[in-house]
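Reproduced below: coords.cif, with mmCIF, C-alpha atoms and all ligand atoms.
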```
data_start
loop_
_atom_site.label_atom_id
_atom_site.label_comp_id
_atom_site.auth_asym_id
_atom_site.auth_seq_id
_atom_site.Cartn_x
_atom_site.Cartn_y
_atom_site.Cartn_z
CA MET M 1 11.57 -25.31 -11.67
CA ASP M 2 14.48 -23.81 -9.80
CA ILE M 3 13.72 -20.89 -7.54
CA ILE M 4 16.40 -18.29 -6.96
CA ILE M 5 16.72 -16.78 -3.52
CA ASP M 6 17.70 -13.17 -4.03
CA GLU M 7 18.39 -12.34 -0.43
CA ILE M 8 18.61 -14.17 2.88
CA ILE M 9 18.28 -11.94 5.91
CA ARG M 10 19.33 -13.53 9.17
CA SER M 11 18.19 -11.92 12.38
CA ARG M 12 17.04 -12.60 15.89
CA ARG M 13 13.57 -13.50 14.71
CA LYS M 14 12.03 -16.85 15.68
CA THR M 15 10.16 -17.76 12.53
CA ILE M 16 10.89 -18.03 8.82
CA ALA M 17 9.19 -15.60 6.46
CA LEU M 18 9.16 -15.48 2.68
CA GLN M 19 8.61 -12.21 0.89
CA VAL M 20 8.30 -11.42 -2.80
CA SER M 21 9.31 -7.81 -3.35
CA HIS M 22 7.59 -5.42 -5.75
CA ASP M 23 10.24 -6.19 -8.37
CA ALA M 24 9.66 -9.94 -7.96
CA ARG M 25 12.75 -10.73 -5.88
CA LEU M 26 12.50 -13.47 -3.30
CA ILE M 27 13.61 -12.39 0.16
CA VAL M 28 13.86 -14.95 2.94
CA ARG M 29 13.98 -13.87 6.56
CA VAL M 30 15.25 -16.49 8.97
CA PRO M 31 16.57 -16.89 12.53
CA PHE M 32 20.38 -16.87 12.79
CA SER M 33 20.71 -20.62 13.23
CA THR M 34 18.65 -21.75 10.21
CA SER M 35 20.50 -24.14 7.90
CA GLU M 36 20.66 -23.73 4.11
CA LYS M 37 19.05 -27.13 3.84
CA LEU M 38 15.99 -26.10 5.83
CA ILE M 39 15.65 -22.90 3.80
CA ARG M 40 15.76 -24.94 0.56
CA LYS M 41 13.15 -27.32 1.91
CA ILE M 42 10.75 -24.51 2.79
CA ILE M 43 11.26 -22.85 -0.58
CA TYR M 44 10.45 -26.16 -2.23
CA GLU M 45 7.28 -26.60 -0.23
CA LYS M 46 6.16 -23.05 -0.98
CA ARG M 47 7.26 -23.00 -4.61
CA SER M 48 3.81 -22.62 -6.16
CA TRP M 49 2.98 -19.70 -3.86
CA ILE M 50 6.34 -18.05 -4.65
CA LEU M 51 5.96 -18.45 -8.41
CA LYS M 52 2.42 -17.11 -8.32
CA LYS M 53 3.51 -14.07 -6.26
CA GLN M 54 6.46 -13.43 -8.56
CA GLU M 55 4.24 -13.58 -11.62
CA GLU M 56 1.81 -11.10 -10.05
CA ALA M 57 4.64 -8.78 -9.01
CA LYS M 58 6.14 -8.81 -12.50
CA GLU M 59 2.80 -7.96 -14.11
CA LYS M 60 2.24 -5.10 -11.69
CA TYR M 61 5.83 -3.94 -12.06
CA LYS M 62 5.57 -3.86 -15.84
CA LYS M 63 2.35 -1.89 -15.73
CA VAL M 64 3.81 0.65 -13.37
CA TYR M 65 7.25 0.90 -14.87
CA SER M 66 6.70 1.33 -18.54
CA LYS M 67 4.67 4.35 -19.43
CA GLU M 68 3.16 4.17 -22.87
CA PHE M 69 1.96 7.78 -23.14
CA VAL M 70 -1.48 6.82 -24.38
CA ASN M 71 -4.88 8.40 -23.78
CA GLY M 72 -6.21 7.76 -20.30
CA GLU M 73 -2.89 6.66 -18.81
CA GLY M 74 -2.34 8.01 -15.29
CA PHE M 75 0.57 10.23 -14.24
CA LEU M 76 1.35 11.10 -10.66
CA PHE M 77 1.64 14.63 -9.35
CA LEU M 78 1.62 15.54 -5.64
CA GLY M 79 0.20 12.15 -4.72
CA ASN M 80 -2.67 12.06 -7.20
CA SER M 81 -2.91 10.33 -10.54
CA TYR M 82 -4.04 12.42 -13.50
CA LYS M 83 -5.02 11.16 -16.92
CA LEU M 84 -3.08 11.98 -20.02
CA TYR M 85 -4.69 13.05 -23.28
CA VAL M 86 -2.73 13.18 -26.50
CA VAL M 87 -4.04 16.00 -28.65
CA ASP M 88 -3.60 17.05 -32.27
CA ASN M 89 -2.74 20.40 -33.81
CA VAL M 90 -1.63 22.31 -30.75
CA GLU M 91 1.22 24.69 -30.12
CA PHE M 92 2.20 23.54 -26.62
CA SER M 93 4.20 20.43 -25.72
CA LEU M 94 2.62 19.56 -22.36
CA ILE M 95 -0.07 21.28 -20.34
CA PHE M 96 -1.56 20.37 -16.97
CA ASN M 97 -4.83 22.02 -15.94
CA ASN M 98 -5.11 20.46 -12.46
CA GLU M 99 -7.38 17.76 -13.88
CA ASN M 100 -5.58 16.24 -16.85
CA PHE M 101 -2.34 16.30 -18.77
CA PHE M 102 -2.44 17.25 -22.44
CA LEU M 103 0.46 16.25 -24.64
CA SER M 104 0.96 17.28 -28.24
CA ARG M 105 0.85 14.31 -30.61
CA LYS M 106 3.67 15.85 -32.64
CA LEU M 107 5.99 15.39 -29.67
CA LEU M 108 4.89 11.91 -28.70
CA ASN M 109 8.33 10.50 -29.53
CA LYS M 110 9.84 12.82 -26.90
CA ALA M 111 7.07 12.31 -24.34
CA LYS M 112 9.28 10.98 -21.57
CA GLU M 113 11.79 13.81 -21.86
CA ILE M 114 8.99 16.37 -21.90
CA PHE M 115 7.40 14.90 -18.78
CA ILE M 116 10.72 14.83 -16.91
CA LYS M 117 11.33 18.46 -17.81
CA TRP M 118 7.87 19.36 -16.51
CA TYR M 119 8.32 17.34 -13.30
CA LYS M 120 11.71 18.98 -12.69
CA LYS M 121 10.24 22.45 -13.05
CA GLN M 122 7.35 21.65 -10.71
CA ALA M 123 9.71 20.01 -8.22
CA TYR M 124 11.91 23.10 -8.13
CA LYS M 125 8.92 25.39 -7.67
CA LYS M 126 7.18 23.37 -4.96
CA ILE M 127 10.31 22.38 -3.05
CA SER M 128 11.67 25.97 -2.95
CA GLU M 129 8.32 27.09 -1.60
CA ARG M 130 8.27 24.41 1.11
CA ILE M 131 11.93 24.78 2.11
CA ALA M 132 11.36 28.48 2.70
CA ILE M 133 8.59 27.61 5.16
CA TYR M 134 10.55 24.93 7.01
CA SER M 135 13.72 26.97 7.03
CA LYS M 136 11.75 29.67 8.87
CA ILE M 137 10.10 27.24 11.27
CA SER M 138 13.33 25.45 12.14
CA GLY M 139 15.66 28.42 11.99
CA ILE M 140 18.00 26.32 9.83
CA ASN M 141 19.41 28.06 6.80
CA TYR M 142 20.44 26.23 3.66
CA ASN M 143 22.70 27.31 0.87
CA LYS M 144 21.45 26.18 -2.55
CA LEU M 145 18.67 23.93 -3.83
CA LYS M 146 19.27 21.50 -6.66
CA ILE M 147 16.89 19.09 -8.38
CA THR M 148 18.58 15.82 -9.35
CA ASN M 149 17.80 12.71 -11.39
CA ALA M 150 18.48 10.33 -8.50
CA ARG M 151 16.52 7.11 -8.70
CA LYS M 152 16.66 5.87 -5.15
CA ARG M 153 17.88 8.81 -3.12
CA TRP M 154 15.04 11.20 -2.34
CA GLY M 155 17.25 13.90 -0.97
CA SER M 156 20.75 14.65 0.20
CA CYS M 157 22.60 17.36 2.01
CA SER M 158 26.18 18.40 1.24
CA SER M 159 28.75 19.65 3.75
CA ASN M 160 28.36 23.25 2.57
CA GLY M 161 24.63 23.23 3.24
CA ASN M 162 23.42 22.59 -0.31
CA LEU M 163 20.26 20.51 -0.51
CA ASN M 164 19.50 18.12 -3.37
CA PHE M 165 16.18 16.45 -4.13
CA THR M 166 15.19 14.15 -6.95
CA TRP M 167 12.44 15.39 -9.27
CA ARG M 168 10.65 12.06 -8.64
CA LEU M 169 9.64 13.41 -5.26
CA ILE M 170 7.10 15.74 -6.86
CA MET M 171 4.98 12.66 -7.63
CA ALA M 172 4.53 12.04 -3.88
CA PRO M 173 1.93 13.64 -1.60
CA LEU M 174 2.91 17.03 -0.21
CA GLN M 175 3.31 15.72 3.36
CA VAL M 176 5.85 13.22 2.08
CA ILE M 177 7.76 15.95 0.25
CA ASP M 178 7.70 17.99 3.44
CA TYR M 179 9.14 15.09 5.39
CA VAL M 180 12.06 14.66 2.97
CA ILE M 181 12.71 18.41 3.05
CA VAL M 182 12.72 18.54 6.85
CA HIS M 183 14.88 15.41 6.98
CA GLU M 184 17.57 17.01 4.80
CA LEU M 185 17.25 20.41 6.43
CA VAL M 186 17.88 18.90 9.88
CA HIS M 187 20.93 17.11 8.43
CA ILE M 188 22.56 20.51 8.08
CA LYS M 189 22.71 20.58 11.88
CA GLU M 190 22.86 16.85 12.61
CA ARG M 191 24.84 14.88 10.05
CA ASN M 192 23.79 11.43 11.31
CA HIS M 193 20.58 9.60 12.16
CA SER M 194 21.06 9.86 15.90
CA LYS M 195 18.31 10.14 18.47
CA ASN M 196 18.99 13.85 18.48
CA PHE M 197 18.42 14.01 14.74
CA TRP M 198 15.02 12.29 14.90
CA ASN M 199 13.99 14.41 17.88
CA LYS M 200 14.66 17.53 15.85
CA VAL M 201 12.65 16.16 12.93
CA ARG M 202 9.80 15.29 15.31
CA ILE M 203 9.64 18.79 16.74
CA ILE M 204 8.99 20.15 13.26
CA LEU M 205 6.86 17.25 11.98
CA PRO M 206 5.32 15.32 14.91
CA TYR M 207 3.83 12.67 12.57
CA TYR M 208 6.83 12.22 10.30
CA GLU M 209 6.84 8.45 10.80
CA THR M 210 3.69 8.06 8.70
CA GLN M 211 5.41 9.80 5.77
CA LYS M 212 8.60 7.84 6.29
CA LYS M 213 6.61 4.60 6.08
CA TRP M 214 4.69 5.82 3.06
CA LEU M 215 7.94 6.42 1.22
CA LYS M 216 9.28 3.03 2.13
CA LYS M 217 6.14 1.30 0.94
CA ASN M 218 5.35 3.40 -2.14
CA GLY M 219 8.65 4.95 -3.17
CA HIS M 220 9.12 2.47 -6.00
CA LEU M 221 5.95 3.79 -7.64
CA LEU M 222 7.38 7.27 -8.08
CA ILE M 223 8.80 6.61 -11.50
CA LEU M 224 8.14 7.53 -15.08
ZN ZN M 301 19.15 11.07 6.46
#
```
As structure tokens, how would this structure be written, given the file I've shared?
Ligand SMILES: [Zn+2]
Amino acid sequence: MDIIIDEIIRSRRKTIALQVSHDARLIVRVPFSTSEKLIRKIIYEKRSWILKKQEEAKEKYKKVYSKEFVNGEGFLFLGNSYKLYVVDNVEFSLIFNNENFFLSRKLLNKAKEIFIKWYKKQAYKKISERIAIYSKISGINYNKLKITNARKRWGSCSSNGNLNFTWRLIMAPLQVIDYVIVHELVHIKERNHSKNFWNKVRIILPYYETQKKWLKKNGHLLIL
């Protein structure tokens, strides 16, 4: 069986490392001087491990990525997973009581849309609340807040001081949301990722690196 290498990353490292990403891509990290032939040989030797890892990743990916909107299925909100219950004969579309989600069976065919609408509303509410706090702490004023549908970009900052955040962020723990908010807020003053920029972030959130890492590791799970 032929194994596809999705990405080869050459760097100043001394050893070769194989990694199967959460979406089952094979990433190979090698020292600068490594030949294609040697990479192929190692892939061949490790093929059963790679295939096993890719199979596992795909299974996990599928489970996480396709919501079925069935009873007992978990939905993330502020870093916790809450179970969904589909209920009959009710007037509401979606209700959350801090313990479970309740979705009307009549609207099951629109479940995804309804959830996104709910997440967007919550994102706007929570993020406005948190920005107000960090705007005060930092003394940095922003112009307008917008909630976007971005898939990969957690937040962005425009030249006129508007801040944008994806609704997906509301699935993350509050500290992570705070980190993204502070990150974008500081961008109003520092447009780049210079030392100065990170110093300013650190003054407001001394432990921001934990949240930054969390996002890198778990960001792909914040989907519907
Ligand atoms: Zn940035």
Show me, as a PyMOL selection string, the residues that have an atom within 12 Å of Lys136 of chain M when counting only C-alpha atoms, minus same-chain residues fewer than 5 positions from it. chain M and resi 129-131+141-142+182+185+204
With ligand ZN 301 (chain M) as the partner and 8 Å as the cut-off, tabulate the residues of chain M that qualify, each row holding the nearest pair of atoms and their distance in Å to one decimal, using all atoms listed in the file, sorted by chain and rising number, as CSV.
```
residue,atom,partner,partner_atom,distance
M:Ser156,CA,M:ZN301,ZN,7.4
M:His183,CA,M:ZN301,ZN,6.1
M:Glu184,CA,M:ZN301,ZN,6.4
M:His187,CA,M:ZN301,ZN,6.6
M:Arg191,CA,M:ZN301,ZN,7.7
M:Asn192,CA,M:ZN301,ZN,6.7
M:His193,CA,M:ZN301,ZN,6.1
```
Save the residues we just selected, C-alpha atoms, as a compact mmCIF listing (two decimals), keeping the file's coordinate frame?
```txt
# COMPACT_ATOMS: atom_id res chain seq x y z
CA SER M 156 20.75 14.65 0.20
CA HIS M 183 14.88 15.41 6.98
CA GLU M 184 17.57 17.01 4.80
CA HIS M 187 20.93 17.11 8.43
CA ARG M 191 24.84 14.88 10.05
CA ASN M 192 23.79 11.43 11.31
CA HIS M 193 20.58 9.60 12.16
```
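With distances restricted to all atoms listed in the file, M:Ile27 is the closest residue to Ile5 of chain M from M:Ile27, M:Leu224, M:Ile137, M:Ala57.
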Compare M:Ser158, M:Asn164, M:Asn71, M:Asn196 by their minimum atom-to-atom distance to Leu84 of chain M, counting only C-alpha atoms, and give me the closest one.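 Between M:Ser158, M:Asn164, M:Asn71, M:Asn196, the residue approaching Leu84 of chain M most closely is M:Asn71.
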Using only C-alpha atoms, find the one residue out of M:Val30, M:Val180, M:Ile95, M:Arg25 that sits nearest to Ser11 of chain M.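 Nearest to Ser11 of chain M: M:Val30.
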Between atom CA of Ile16 of chain M and atom CA of Arg40 of chain M, measure the distance and give it in Å to one decimal.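 These two atoms are separated by 11.8 Å.
The smallest atom-to-atom distance between Lys121 of chain M and any of M:Ile147, M:Leu103, M:Leu108, M:Ile188, using only C-alpha atoms, is found for M:Ile147.
Using only C-alpha atoms for every distance, the candidate list M:Asn218, M:Ser135, M:Asn143, M:Thr34 yields M:Asn218 as the residue closest to Met171 of chain M.
Of the listed residues (M:Asp6, M:Glu190, M:Asp88, M:Glu45), M:Asp6 comes nearest to Leu26 of chain M; the distances count only C-alpha atoms.
You will find atom CA of Ile50 of chain M at 13.0 Å from atom CA of Asp23 of chain M.
The spacing separating atom CA of Ser21 of chain M from atom CA of Lys53 of chain M amounts to 9.0 Å.
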Within 12 Å of Val70 of chain M, counting all atoms listed in the file, which residues qualify if same-chain residues fewer than 6 places away don't, as a list of chain:residue names?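 Contacts, in chain order: M:Lys83, M:Leu84, M:Tyr85, M:Val86, M:Val87, M:Phe101, M:Phe102, M:Leu103, M:Ser104, M:Arg105, M:Leu108, M:Asn109, M:Ala111, M:Lys112.
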Would you pick out the contacts of Ile8 of chain M at 7 Å or less, using only C-alpha atoms, so that residues sharing its chain but fewer than 2 positions from it are not included, and give the list as a list of chain:residue names?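 Counting only the stated atoms, we get M:Arg10, M:Ile27, M:Val28, M:Arg29.
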Would you pick out the contacts of Lys52 of chain M at 12 Å or less, using only C-alpha atoms, so that residues sharing its chain but fewer than 6 positions from it are not included, and give the list as a list in words?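 Returned residues: Ile3, Val20, Ala24, Leu26, Lys46, Lys58 and Glu59 of chain M.
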Exercise: residues within 12 Å of coordinate (5.8, 3.7, -16.9), counting only C-alpha atoms, as an NGL selection string: :M and (60-70 or 73-76 or 111-112 or 115 or 220-224)
Complete segment 54-82 of chain M with N, CA and C atoms (output as a compact mmCIF listing (two decimals), in the frame of the given file).
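Everything below was put into part_11.txt:
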```txt
# COMPACT_ATOMS: atom_id res chain seq x y z
N GLN M 54 5.48 -14.06 -7.68
CA GLN M 54 6.46 -13.43 -8.56
C GLN M 54 5.83 -13.04 -9.88
N GLU M 55 4.94 -13.88 -10.37
CA GLU M 55 4.24 -13.58 -11.62
C GLU M 55 3.39 -12.33 -11.44
N GLU M 56 2.67 -12.27 -10.34
CA GLU M 56 1.81 -11.10 -10.05
C GLU M 56 2.65 -9.83 -9.93
N ALA M 57 3.77 -9.95 -9.22
CA ALA M 57 4.64 -8.78 -9.01
C ALA M 57 5.17 -8.27 -10.34
N LYS M 58 5.58 -9.20 -11.20
CA LYS M 58 6.14 -8.81 -12.50
C LYS M 58 5.10 -8.08 -13.35
N GLU M 59 3.88 -8.59 -13.35
CA GLU M 59 2.80 -7.96 -14.11
C GLU M 59 2.57 -6.53 -13.64
N LYS M 60 2.50 -6.40 -12.31
CA LYS M 60 2.24 -5.10 -11.69
C LYS M 60 3.41 -4.15 -11.98
N TYR M 61 4.60 -4.69 -11.84
CA TYR M 61 5.83 -3.94 -12.06
C TYR M 61 5.86 -3.38 -13.48
N LYS M 62 5.54 -4.25 -14.43
CA LYS M 62 5.57 -3.86 -15.84
C LYS M 62 4.59 -2.72 -16.10
N LYS M 63 3.39 -2.89 -15.54
CA LYS M 63 2.35 -1.89 -15.73
C LYS M 63 2.79 -0.54 -15.19
N VAL M 64 3.41 -0.60 -14.02
CA VAL M 64 3.81 0.65 -13.37
C VAL M 64 5.03 1.26 -14.04
N TYR M 65 5.96 0.40 -14.44
CA TYR M 65 7.25 0.90 -14.87
C TYR M 65 7.35 1.40 -16.30
N SER M 66 6.52 0.85 -17.18
CA SER M 66 6.70 1.33 -18.54
C SER M 66 5.51 2.16 -18.97
N LYS M 67 5.72 3.45 -18.98
CA LYS M 67 4.67 4.35 -19.43
C LYS M 67 4.58 4.26 -20.94
N GLU M 68 3.35 4.29 -21.43
CA GLU M 68 3.16 4.17 -22.87
C GLU M 68 2.75 5.50 -23.51
N PHE M 69 2.40 6.46 -22.67
CA PHE M 69 1.96 7.78 -23.14
C PHE M 69 0.77 7.65 -24.09
N VAL M 70 -0.25 6.97 -23.58
CA VAL M 70 -1.48 6.82 -24.38
C VAL M 70 -2.64 7.49 -23.64
N ASN M 71 -3.69 7.75 -24.36
CA ASN M 71 -4.88 8.40 -23.78
C ASN M 71 -5.38 7.63 -22.56
N GLY M 72 -5.64 8.36 -21.49
CA GLY M 72 -6.21 7.76 -20.30
C GLY M 72 -5.18 7.21 -19.31
N GLU M 73 -3.93 7.17 -19.71
CA GLU M 73 -2.89 6.66 -18.81
C GLU M 73 -2.68 7.66 -17.66
N GLY M 74 -2.47 7.13 -16.46
CA GLY M 74 -2.34 8.01 -15.29
C GLY M 74 -0.91 8.44 -15.02
N PHE M 75 -0.74 9.69 -14.63
CA PHE M 75 0.57 10.23 -14.24
C PHE M 75 0.46 10.89 -12.88
N LEU M 76 1.42 10.59 -12.03
CA LEU M 76 1.35 11.10 -10.66
C LEU M 76 1.87 12.53 -10.54
N PHE M 77 1.18 13.28 -9.70
CA PHE M 77 1.64 14.63 -9.35
C PHE M 77 1.10 14.94 -7.96
N LEU M 78 1.98 15.24 -7.04
CA LEU M 78 1.62 15.54 -5.64
C LEU M 78 0.67 14.50 -5.05
N GLY M 79 0.94 13.24 -5.35
CA GLY M 79 0.20 12.15 -4.72
C GLY M 79 -1.07 11.73 -5.42
N ASN M 80 -1.47 12.45 -6.45
CA ASN M 80 -2.67 12.06 -7.20
C ASN M 80 -2.30 11.62 -8.60
N SER M 81 -3.14 10.78 -9.17
CA SER M 81 -2.91 10.33 -10.54
C SER M 81 -3.84 11.11 -11.47
N TYR M 82 -3.25 11.64 -12.54
CA TYR M 82 -4.04 12.42 -13.50
C TYR M 82 -3.92 11.79 -14.89
```
